[in-house]
Structure formats: C-alpha cells, structure tokens
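Let me begin by presenting the structure, written as structure tokens, before commenting on it.
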Amino acid sequence: MNANEYIRNRNAVPTEYLLLYQGKYVAWATDGKKILADADGIPELIAAIDAQYPVGTEFVISYVPAGPYEDQERDAVVSGTPFGPGANGTPP
Amino acid sequence: MIFPLLDTPLTNIQTNTPIRIRFRPLIPLRVAGPNGRLIDLEALVDTGADEVLLPDTLLPTFGFAAGSGVTKGTSGIGGRTTVVFHPVRLEIRANSNDRIAWHATVGFAQLSLHVAMFGIAGGLEFFHTTLNVIDRQLGLFPHPTIPLAAPCVSPHVAFSVP
C-alpha cells in the first residue's frame, strides 16, 4: 500500500460521496478512491469485507462522522483523546 | 517518511453544504495481532495523546481474550474510561518501498470521532515528528531506538470474527 497515494486520492473524493456514509464505519480501498463496504460497527465491517471479498483483500478502516450539525463548531477536534460516545452523533 | 495531510470536509448536514475544510494528520496504520490478523486503520497523529489507542471492538479480531491484558483507567475529552493494553506489531508505509514495522504495547478503548489515535507511548516516542500545516505535510522519521519487527505481511488466510 502507498499511503501517499491513498491520502491524495482520499483528498480528491467528492464530499457528496462521503455524505452517503455519514455515521458509518467504512472500508476504503487501499488506493483511497472508493469505499468497499460500510457498517455500524468495526466487527460488522470486517465481517462484511470477509464475506464479500477474496481472502487477503486489503482495506483501510475509517469513520464518517454523522450530523446533524446545528452548530458549525461541533465537529472541531481539540487535541487530546476523546473517549466514549460523544454528543455529535458519534458511534456507540 | 512524508505524508500529506488529509482534507476533512466539515458539512452542515441540514443543508448538505460544505462548511470548511480541516487538514488533519491522519495516516493508515497497520496493526498485526498475535493471531496474525492484519487490520489497517486511519489513525490520527496526536501529540496530545499519551498512548496509541485502538477501538476495543477489535480485541476479538486480534484474538485477545476478554479480561486479558493490563487495564488502566485514564481520562480524556468526554470523561474517563478504561483502557486495556496488549502487545501488537504496528507498521506505517509512506509508499511501497518506504515502510517500517515495530513492536508496541497499545491501548484498546472505546473511542469517538476517530478510529485510532497515534499518540506518544508505542508510537510517536519512536519518531522525529514534523507537522507543516502550511505545506500540508506530516513527517515521521524513525529513531534508532524503535523496536523493529518483521514486516506486517498478509498471510492470506481466512479469519472468522467471533
């Protein structure tokens, strides 16, 4: 996997594409161009990949934050380690 | 190793319009459990995080038994929680020819907002780190003290998630 290629291609993904997966854990293809699967939790996501793709398929797990955003500042991340489910519609 | 910062669009979901872009130091982090399972996660490089933290939902995936590992209470944004620590192998790859794997003890916890946190212990402590937001670049340069491990290569076997 080429992380530079992955991140560059991720940066080129239209926002509208990401909106389809709000509040979901997603499995990105290692080229960063498309999402292979999505699920409500990481174990479910891994199971979906294992069920749908050949053994050894590589993917990168990410999370697409969910809205609604009533306050534009709600998604700001302050340095530190966020624990537990948050008020921003973050995962359980 | 140099990585570009990830453009993270923040969107007003009610209007479906982009609010702004934030550049975040997110890198693909490969984790190898003792059972050989490899998982790649987007990890936020966070100098404010004391540890490398992974989601606790991955404990069964890597074959760690419930109740095993060293447990510590810790606090962060959102309150206090319990973190259980286990040894794994970590790997970061800037490209196919520029990669490094090392042994680390990482924490598993219930995380919000990000899938994984690449903090100090087990992670940044082994790297000279540069963050250039203007040029949108993150630099991670391994220090000789890093406890090197064999590359995390997929064994190409099927795993069943319990």
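In the structure tokens, the first chain shown is A, the next is B, and so on; residue numbers restart at 1 for each chain, and ligands run from 1 in the order shown.
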**Q.** Nearby residues (only C-alpha atoms) at most 8 Å from Ile42 of chain A, same-chain spacing under 6 positions excluded, as a PyMOL selection string
**A.** (chain A and resi 25+61) or (chain B and resi 57-58)
Q) Distance atom CA of Asp31 of chain A-atom CA of Leu111 of chain B, one decimal place? A) 25.6 Å
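Distances here use only C-alpha atoms; by that measure, the residue among B:Ala104, B:Val83, B:Val52, B:Val115 closest to chain A is B:Val115.
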Q.
as a PyMOL selection string, please: every residue in chain B that a backbone DSSP assignment puts in strand (DSSP E or B).
A. chain B and resi 2-4+6-12+17-24+26-32+38-45+51-55+70-77+79-95+98-109+111+116-118+121+127-132+137-142+148
Go ahead and write the residues just picked, C-alpha atoms, as a PDB file, in the first residue's frame.
```pdb
ATOM      1  CA  ILE B   2       6.374  12.138   4.472  1.00  0.00           C
ATOM      2  CA  PHE B   3       2.588  12.047   4.363  1.00  0.00           C
ATOM      3  CA  PRO B   4       0.147  14.640   3.023  1.00  0.00           C
ATOM      4  CA  LEU B   6      -5.988  14.532   4.885  1.00  0.00           C
ATOM      5  CA  ASP B   7      -8.541  17.145   3.828  1.00  0.00           C
ATOM      6  CA  THR B   8     -11.527  16.616   6.076  1.00  0.00           C
ATOM      7  CA  PRO B   9     -14.666  18.356   4.839  1.00  0.00           C
ATOM      8  CA  LEU B  10     -16.994  19.507   7.586  1.00  0.00           C
ATOM      9  CA  THR B  11     -20.517  19.700   6.292  1.00  0.00           C
ATOM     10  CA  ASN B  12     -23.750  21.191   7.508  1.00  0.00           C
ATOM     11  CA  THR B  17     -23.312  22.275   2.126  1.00  0.00           C
ATOM     12  CA  PRO B  18     -19.602  22.173   2.974  1.00  0.00           C
ATOM     13  CA  ILE B  19     -18.755  24.485   5.838  1.00  0.00           C
ATOM     14  CA  ARG B  20     -14.997  24.329   5.735  1.00  0.00           C
ATOM     15  CA  ILE B  21     -12.040  22.056   5.205  1.00  0.00           C
ATOM     16  CA  ARG B  22      -9.766  20.987   8.026  1.00  0.00           C
ATOM     17  CA  PHE B  23      -6.379  19.410   7.321  1.00  0.00           C
ATOM     18  CA  ARG B  24      -5.751  16.529   9.687  1.00  0.00           C
ATOM     19  CA  LEU B  26      -4.364  11.036   9.521  1.00  0.00           C
ATOM     20  CA  ILE B  27      -2.243   8.096   8.425  1.00  0.00           C
ATOM     21  CA  PRO B  28      -3.055   4.490   7.572  1.00  0.00           C
ATOM     22  CA  LEU B  29      -1.765   2.422  10.485  1.00  0.00           C
ATOM     23  CA  ARG B  30      -1.394  -1.338  10.063  1.00  0.00           C
ATOM     24  CA  VAL B  31      -1.889  -3.413  13.185  1.00  0.00           C
ATOM     25  CA  ALA B  32      -0.900  -7.063  13.433  1.00  0.00           C
ATOM     26  CA  LEU B  38      -3.823  -7.593   9.898  1.00  0.00           C
ATOM     27  CA  ILE B  39      -6.054  -4.545  10.061  1.00  0.00           C
ATOM     28  CA  ASP B  40      -5.378  -1.138   8.537  1.00  0.00           C
ATOM     29  CA  LEU B  41      -6.935   1.816  10.344  1.00  0.00           C
ATOM     30  CA  GLU B  42      -6.930   5.549   9.792  1.00  0.00           C
ATOM     31  CA  ALA B  43      -5.079   6.886  12.810  1.00  0.00           C
ATOM     32  CA  LEU B  44      -4.942  10.488  13.936  1.00  0.00           C
ATOM     33  CA  VAL B  45      -1.386  11.507  14.756  1.00  0.00           C
ATOM     34  CA  GLU B  51      -0.792   6.323  24.046  1.00  0.00           C
ATOM     35  CA  VAL B  52      -1.524   4.616  20.782  1.00  0.00           C
ATOM     36  CA  LEU B  53      -5.200   3.783  21.092  1.00  0.00           C
ATOM     37  CA  LEU B  54      -7.289   1.399  19.038  1.00  0.00           C
ATOM     38  CA  PRO B  55     -11.010   0.588  19.215  1.00  0.00           C
ATOM     39  CA  VAL B  70      -3.215  -4.839  31.564  1.00  0.00           C
ATOM     40  CA  THR B  71      -6.062  -2.497  32.449  1.00  0.00           C
ATOM     41  CA  LYS B  72      -5.711   1.153  33.398  1.00  0.00           C
ATOM     42  CA  GLY B  73      -8.155   3.952  33.977  1.00  0.00           C
ATOM     43  CA  THR B  74      -7.497   7.077  32.009  1.00  0.00           C
ATOM     44  CA  SER B  75      -9.169  10.344  31.155  1.00  0.00           C
ATOM     45  CA  GLY B  76      -9.631  12.405  28.037  1.00  0.00           C
ATOM     46  CA  ILE B  77     -12.174  14.558  26.281  1.00  0.00           C
ATOM     47  CA  GLY B  79     -14.560  11.785  30.516  1.00  0.00           C
ATOM     48  CA  ARG B  80     -12.805   8.785  31.995  1.00  0.00           C
ATOM     49  CA  THR B  81     -12.673   5.292  30.618  1.00  0.00           C
ATOM     50  CA  THR B  82     -10.861   2.003  30.988  1.00  0.00           C
ATOM     51  CA  VAL B  83      -8.080   1.102  28.608  1.00  0.00           C
ATOM     52  CA  VAL B  84      -6.719  -2.412  28.222  1.00  0.00           C
ATOM     53  CA  PHE B  85      -3.199  -2.806  26.873  1.00  0.00           C
ATOM     54  CA  HIS B  86      -1.871  -5.548  24.646  1.00  0.00           C
ATOM     55  CA  PRO B  87       1.303  -6.090  22.610  1.00  0.00           C
ATOM     56  CA  VAL B  88       0.940  -5.866  18.847  1.00  0.00           C
ATOM     57  CA  ARG B  89       3.015  -5.077  15.802  1.00  0.00           C
ATOM     58  CA  LEU B  90       2.492  -1.727  14.111  1.00  0.00           C
ATOM     59  CA  GLU B  91       3.502  -0.663  10.646  1.00  0.00           C
ATOM     60  CA  ILE B  92       3.347   2.568   8.680  1.00  0.00           C
ATOM     61  CA  ARG B  93       4.092   2.784   4.977  1.00  0.00           C
ATOM     62  CA  ALA B  94       4.668   6.017   3.101  1.00  0.00           C
ATOM     63  CA  ASN B  95       4.898   4.041  -0.120  1.00  0.00           C
ATOM     64  CA  ASP B  98       9.323   3.118   2.492  1.00  0.00           C
ATOM     65  CA  ARG B  99       7.862   1.242   5.424  1.00  0.00           C
ATOM     66  CA  ILE B 100       8.701   0.377   8.979  1.00  0.00           C
ATOM     67  CA  ALA B 101       7.242  -2.101  11.461  1.00  0.00           C
ATOM     68  CA  TRP B 102       7.840  -2.232  15.181  1.00  0.00           C
ATOM     69  CA  HIS B 103       6.653  -3.866  18.379  1.00  0.00           C
ATOM     70  CA  ALA B 104       4.425  -1.784  20.611  1.00  0.00           C
ATOM     71  CA  THR B 105       2.063  -2.103  23.538  1.00  0.00           C
ATOM     72  CA  VAL B 106      -1.104  -0.275  22.618  1.00  0.00           C
ATOM     73  CA  GLY B 107      -4.330   0.525  24.386  1.00  0.00           C
ATOM     74  CA  PHE B 108      -7.781  -0.602  23.377  1.00  0.00           C
ATOM     75  CA  ALA B 109     -10.617   1.682  24.397  1.00  0.00           C
ATOM     76  CA  LEU B 111     -13.111   5.872  21.063  1.00  0.00           C
ATOM     77  CA  ALA B 116      -7.447   5.173  16.112  1.00  0.00           C
ATOM     78  CA  MET B 117      -5.117   7.568  17.883  1.00  0.00           C
ATOM     79  CA  PHE B 118      -1.372   7.555  17.207  1.00  0.00           C
ATOM     80  CA  ALA B 121       3.834   5.724  24.006  1.00  0.00           C
ATOM     81  CA  PHE B 127       9.770   9.102  15.617  1.00  0.00           C
ATOM     82  CA  HIS B 128      11.109  12.548  14.907  1.00  0.00           C
ATOM     83  CA  THR B 129       7.838  14.225  14.013  1.00  0.00           C
ATOM     84  CA  THR B 130       7.260  17.317  11.909  1.00  0.00           C
ATOM     85  CA  LEU B 131       3.910  18.897  11.166  1.00  0.00           C
ATOM     86  CA  ASN B 132       3.786  21.519   8.423  1.00  0.00           C
ATOM     87  CA  GLN B 137       2.723  17.665   5.231  1.00  0.00           C
ATOM     88  CA  LEU B 138       3.405  15.341   8.125  1.00  0.00           C
ATOM     89  CA  GLY B 139       6.868  13.901   8.594  1.00  0.00           C
ATOM     90  CA  LEU B 140       7.597  10.759  10.613  1.00  0.00           C
ATOM     91  CA  PHE B 141      11.279   9.809  10.755  1.00  0.00           C
ATOM     92  CA  PRO B 142      12.134   6.665  12.765  1.00  0.00           C
ATOM     93  CA  LEU B 148      11.884  -3.136  14.879  1.00  0.00           C
TER      94      LEU B 148
END
```
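Of note, atom CA of Val64 of chain A and atom CA of Pro34 of chain B are spaced 28.7 Å apart.
Separating atom CA of Trp28 of chain A from atom CA of Pro147 of chain B is a distance of 29.1 Å.
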Q.
Quick check for you: according to DSSP on this backbone, which residues of segment 26-146 of chain B are classed as helix (DSSP H, G or I)? Reply as a list of chain:residue names.
A. B:Asp56, B:Thr57, B:Leu58, B:Leu124, B:Glu125, B:Phe126
The selected residues should be written to file as a short mmCIF file (atom, residue, chain, number, x, y, z; two decimals), in the first residue's frame (atoms: N, CA and C atoms).
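What ended up in selection12.cif:
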```
data_model
loop_
_atom_site.label_atom_id
_atom_site.label_comp_id
_atom_site.auth_asym_id
_atom_site.auth_seq_id
_atom_site.Cartn_x
_atom_site.Cartn_y
_atom_site.Cartn_z
N ASP B 56 -11.75 -0.77 21.10
CA ASP B 56 -11.81 -2.02 21.86
C ASP B 56 -12.65 -3.08 21.16
N THR B 57 -13.43 -2.68 20.15
CA THR B 57 -14.19 -3.67 19.39
C THR B 57 -13.28 -4.57 18.56
N LEU B 58 -12.01 -4.21 18.45
CA LEU B 58 -11.06 -5.03 17.70
C LEU B 58 -10.39 -6.11 18.54
N LEU B 124 4.64 7.78 18.67
CA LEU B 124 5.46 8.95 18.39
C LEU B 124 6.78 8.98 19.16
N GLU B 125 6.87 8.23 20.25
CA GLU B 125 8.12 8.21 21.01
C GLU B 125 9.27 7.67 20.18
N PHE B 126 8.96 6.97 19.09
CA PHE B 126 9.99 6.38 18.25
C PHE B 126 10.24 7.17 16.97
#
```
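Considering the residues B:Ile120, B:Arg136, B:Pro151, B:Ser68 and counting only C-alpha atoms, Asp46 of chain B has its shortest atom-to-atom contact with B:Ile120.
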(Q) Taking 3 positions as the minimum chain separation for residues in the same chain, which residues sit within 7 Å of Gln22 of chain A when counting only C-alpha atoms? Answer as number ranges by chain. (A) A: 18-19, 64-66
Now that the selection is made, can you save its residues with all heavy atoms as a compact mmCIF listing (two decimals), in the first residue's frame?
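This went into selection_3.txt:
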```txt
# COMPACT_ATOMS: atom_id res chain seq x y z
N LEU A 18 -18.97 11.19 0.43
CA LEU A 18 -18.85 10.93 1.86
C LEU A 18 -20.20 11.04 2.57
O LEU A 18 -20.47 10.31 3.53
CB LEU A 18 -17.85 11.88 2.49
CG LEU A 18 -16.38 11.73 2.07
CD1 LEU A 18 -15.53 12.80 2.72
CD2 LEU A 18 -15.86 10.34 2.41
N LEU A 19 -21.04 11.95 2.11
CA LEU A 19 -22.32 12.16 2.77
C LEU A 19 -23.18 10.90 2.75
O LEU A 19 -24.05 10.72 3.59
CB LEU A 19 -23.08 13.31 2.09
CG LEU A 19 -22.48 14.71 2.29
CD1 LEU A 19 -23.32 15.76 1.55
CD2 LEU A 19 -22.39 15.06 3.76
N VAL A 64 -16.97 7.96 9.08
CA VAL A 64 -17.52 9.20 8.53
C VAL A 64 -18.46 9.79 9.57
O VAL A 64 -19.50 9.19 9.86
CB VAL A 64 -18.28 8.94 7.20
CG1 VAL A 64 -18.81 10.25 6.63
CG2 VAL A 64 -17.36 8.24 6.20
N PRO A 65 -18.12 10.92 10.15
CA PRO A 65 -18.95 11.48 11.21
C PRO A 65 -20.36 11.78 10.72
O PRO A 65 -20.58 12.10 9.55
CB PRO A 65 -18.23 12.77 11.60
CG PRO A 65 -16.83 12.58 11.14
CD PRO A 65 -16.91 11.72 9.92
N ALA A 66 -21.30 11.68 11.65
CA ALA A 66 -22.70 11.92 11.31
C ALA A 66 -23.14 13.28 11.82
O ALA A 66 -22.56 13.82 12.75
CB ALA A 66 -23.58 10.83 11.93
```
